[in-house]
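Colleague: Pasting a structure below so you can have a look.
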Amino acid sequence: MQILILNCGSSSAKFAVMDPASGVELIAGLAQRLGSPQASLDWKWQGQKHTRALPGADHQPALRAVVALLHEVGLAAGINGVGHRVLHGGARFSDPALVTPAVIAGIEACIPLGPLHNPPNLLGIRIAQELFPGLPQVAVFDTAFHATMPPCAYLYAVPMEWAEQHQARRYGFHGTSHRFVAADALTRLGLTDQPSGIITVHLGNGCSCAAVRDGRSVDTTMGLTPLEGVVMGTRSGSVDPALIGYMAKRLELPADKIIDLLNKQSGLQGLSGLSNDMRTLIEHAGQGHARARLAIEVFCYVLAKTIAGLVVPLGRLDAVVFTGGIGENSVPVRAKVVELLGFLGLSLDVNLNAGHGRTAGGRITTGSGSCALVVPTNEELMIARDTAALVA
Ligand code: AMP
């Protein structure tokens with residue numbers, strides 16, 4: 001079986017064709033800068049990188065170009081289903097869903113919760129339905145894995161009508177990654193059928209942690225939107241909500257604009273004044289850049305404090321599992337976070353950490369108690385597997 005995976009953003013469309021059984025990625029690419037004269041389609045096929053200009057193309061012609069490409073390389077005819085990444089499933093979707101008119105209406109109803117992402121996600125579904133008539137389409141929601149959170153974890157302490165009448169509650173994101181990594185970690189630890197408590201720590205441009213008890217998410221750091229929680233590349237993570245009104249007055253800007261600054265000019269970028277990219281910050285911190293150093297210090301401190309808090313819903317700690325671009329690759333960030341969590345019984349093995357745990361099944365700590373692991377995430381494979389399961 002072969003599955004086409006689509007992730008449509010506001011100005012880009014990421015695609016891949018995968019065999020969900022073997023996990024082999026047959027082709028992968030990105031149509032980007034859509035709607036601009038610089039729009040292009042970039043892809044990797046049989047180890048070679050290619051690019052094609054698509055001047056002025058928006059989503060429709062870009063996805064047509066993807067389908068033409070799949071025909072050119074001989075993959076189009078073998079595709080059995082299309083899996084779509086959808087950001088916000090609200091409280092409606094706790095599992096991947098075969099796309100029907102009712103599911104489309106459900107995704108539309110979640111637009112107020114995900115105004116930037118759900119519309120392009122829906123557009124991708126509609127165009128794929130046109131381009132692949134008769135092929136089953138599946139929506140895989142970033143929020144779904146956290147649907148098992150209990151009310152004490154998902155409620156904000158605000159007037160109850162806000163949740164009851166306006167769906168204002170915590171949902172959590174990165175669910176596909178947390179689910180993939182949690183399942184992989186439990187297999188590695190031999191805990192799939194045992195009581196277990198692990199904390200998955202997804203550190204990419206966006207960062208979030210999830211408390212996973214017996215394989216199910218019981219708490220997570222992102223909330224109503226992906227702005228809540230730990231420090232990220234350009235997002236502040238949690239702040240005092242009164243900060244928004246205070247800075248709106250000080251800067252004489254509307255609240256929306258302040259929230260935009262918390263999303264796009266804060267986090268590592270805002271603290272360092274240099275970059276949102278952890279690799280760049282580590283490099284400059286090594287050369288004595290004080291604010292790069294400070295940004296990394298705040299990032300690790302908030303992260304460790306948050307991870308420790310997530311032990312509460314678990315009542316035990318089998319593993320802290322690092323993933324995402326930073327989690328999988330940054331030796332110093334993992335070292336600092338594990339050091340700060342030493343009181344939980346974690347003790348870093350410097351050599352294993354330097355090798356990203358690859359020689360020890362992901363393990364980067366010593367001893368037989370709680371451990372820390374590095375587990376590469378693979379959201380595309382998870383979407384391919386979910387799609388294959390529903391198509392079958
Ligand atoms: P992602 O969104 O998962 O692609 O992750 C992007 C983040 O991972 C950026 O902050 C990158 O700087 C970071 N990253 C990737 N490789 C490394 C590395 N070798 N060391 C530190 N950070 C890295």
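Please note that chains go A, B, ... in the order of the structure tokens, that every chain numbers its residues from 1, and that ligands are numbered from 1 in the order shown.
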Counting only C-alpha atoms, what is within 9 Å of Leu340 in chain A, bar same-chain residues fewer than 2 positions away, as a list in words?
Modeller: Cys300, Tyr301, Ala304, Lys305, Ala335, Lys336, Val337, Val338, Gly342 and Phe343 of chain A
Colleague: Give as a VMD selection string the residues surrounding ligand 1 up to a distance of 12 Å, considering only C-alpha atoms and all ligand atoms.
Modeller: chain A and resid 174 177 201 to 208 231 to 234 267 to 269 275 to 284 296 299 322 to 334 354 to 356 376 to 379
Colleague: Contacts between range 82-91 of chain A and range 356-384 of chain A, please, where a residue of range 356-384 of chain A counts if it comes within 12 Å (with only C-alpha atoms); show its shortest atom pair and distance in Å to one decimal, rows by chain and ascending number, as JSON lines.
Modeller:
```
{"residue": "A:Glu379", "atom": "CA", "partner": "A:Arg85", "partner_atom": "CA", "distance": 9.1}
{"residue": "A:Glu380", "atom": "CA", "partner": "A:Arg85", "partner_atom": "CA", "distance": 8.7}
{"residue": "A:Leu381", "atom": "CA", "partner": "A:Gly83", "partner_atom": "CA", "distance": 10.1}
{"residue": "A:Met382", "atom": "CA", "partner": "A:Gly83", "partner_atom": "CA", "distance": 9.7}
{"residue": "A:Ile383", "atom": "CA", "partner": "A:Gly83", "partner_atom": "CA", "distance": 6.0}
{"residue": "A:Ala384", "atom": "CA", "partner": "A:Gly83", "partner_atom": "CA", "distance": 6.3}
```
Colleague: Atoms to include: N, CA and C atoms. Write the selected residues as a PDB file, in the first residue's frame.
Modeller:
```pdb
ATOM      1  N   GLU A 379       6.152  12.157  11.907  1.00  0.00           N
ATOM      2  CA  GLU A 379       4.721  12.467  11.813  1.00  0.00           C
ATOM      3  C   GLU A 379       4.125  11.957  10.502  1.00  0.00           C
ATOM      4  N   GLU A 380       4.923  12.017   9.425  1.00  0.00           N
ATOM      5  CA  GLU A 380       4.406  11.557   8.123  1.00  0.00           C
ATOM      6  C   GLU A 380       4.058  10.076   8.188  1.00  0.00           C
ATOM      7  N   LEU A 381       4.948   9.301   8.817  1.00  0.00           N
ATOM      8  CA  LEU A 381       4.683   7.855   8.902  1.00  0.00           C
ATOM      9  C   LEU A 381       3.429   7.584   9.735  1.00  0.00           C
ATOM     10  N   MET A 382       3.279   8.352  10.821  1.00  0.00           N
ATOM     11  CA  MET A 382       2.081   8.177  11.662  1.00  0.00           C
ATOM     12  C   MET A 382       0.811   8.469  10.852  1.00  0.00           C
ATOM     13  N   ILE A 383       0.854   9.560  10.056  1.00  0.00           N
ATOM     14  CA  ILE A 383      -0.309   9.916   9.222  1.00  0.00           C
ATOM     15  C   ILE A 383      -0.543   8.828   8.171  1.00  0.00           C
ATOM     16  N   ALA A 384       0.554   8.310   7.595  1.00  0.00           N
ATOM     17  CA  ALA A 384       0.413   7.240   6.584  1.00  0.00           C
ATOM     18  C   ALA A 384      -0.227   6.003   7.220  1.00  0.00           C
TER      19      ALA A 384
END
```
Colleague: Please extract the residues of range 172-374 of chain A with a backbone DSSP assignment of strand (DSSP E or B) and present them as number ranges by chain.
Modeller: A: 197-203, 207-213, 216-220, 319-323, 348, 363, 365, 371-374
Colleague: Using only C-alpha atoms, find the one residue out of A:Gly361, A:Pro119, A:Gly288, A:Gly229 that sits nearest to Gly172 in chain A.
Modeller: A:Gly229
Colleague: Using only C-alpha atoms, find the one residue out of A:Ala319, A:Val67, A:Ala248, A:Ala153 that sits nearest to Met222 in chain A.
Modeller: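 Of all the options, A:Ala153 lies closest to Met222 in chain A.
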Colleague: In terms of the shortest atom-to-atom distance over only C-alpha atoms, which of A:Leu224, A:Ala31, A:Ala105, A:Ile307 is closest to Gln167 in chain A?
Modeller: A:Leu224
Colleague: Have a look at A:Leu344, A:Leu251, A:Val375, A:Leu310 and name the one nearest to Arg179 in chain A; count only C-alpha atoms.
Modeller: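 For Arg179 in chain A, the nearest of the candidates is A:Val375.
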Colleague: Residues within 9 Å of Pro136 in chain A, please, as a list of chain:residue names. Count only C-alpha atoms; anything in the same chain fewer than 3 positions from it doesn't count.
Modeller: A:Asn80, A:Gly81, A:Val82, A:Gly83, A:Leu98, A:Val99, A:Gln129, A:Phe132, A:Pro133, A:Thr387, A:Leu390, A:Val391
Colleague: Pick from A:Gly47, A:Pro159, A:Gly9, A:Gly56: nearest to His117 in chain A, with only C-alpha atoms counted?
Modeller: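 Nearest to His117 in chain A: A:Gly9.
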Colleague: Going by DSSP on the backbone, which residues of range 162-343 of chain A come out as alpha helix (DSSP H)? List them as a PyMOL selection string.
Modeller: chain A and resi 162-166+175-189+242-251+255-264+267-272+278-286+290-309+311-314+324-329+331-340
Colleague: With only C-alpha atoms as the basis for distance, which of A:Pro151, A:Gly175, A:Gly315, A:Gly23 is at the shortest distance from Ala210 in chain A?
Modeller: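 Of all the options, A:Gly175 lies closest to Ala210 in chain A.
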Colleague: Quick one: residues within 8 Å of Leu63 in chain A, only C-alpha atoms counted, chain neighbours fewer than 6 positions away excluded, as a ChimeraX atom specification?
Modeller: /A:13,127-128
Colleague: Kindly provide the residues of range 50-112 of chain A that approach range 33-36 of chain A to within 9 Å, each paired with its closest atom pair and their distance in Å to one decimal, based on only C-alpha atoms, listed by chain and increasing number, as a tab-separated table.
Modeller:
```
residue	atom	partner	partner_atom	distance
A:Leu54	CA	A:Leu34	CA	8.4
A:Pro55	CA	A:Ser36	CA	6.7
A:Gly56	CA	A:Ser36	CA	4.9
A:Ala57	CA	A:Gly35	CA	5.3
A:Asp58	CA	A:Gly35	CA	4.5
A:His59	CA	A:Leu34	CA	6.6
A:Ala62	CA	A:Leu34	CA	7.7
```
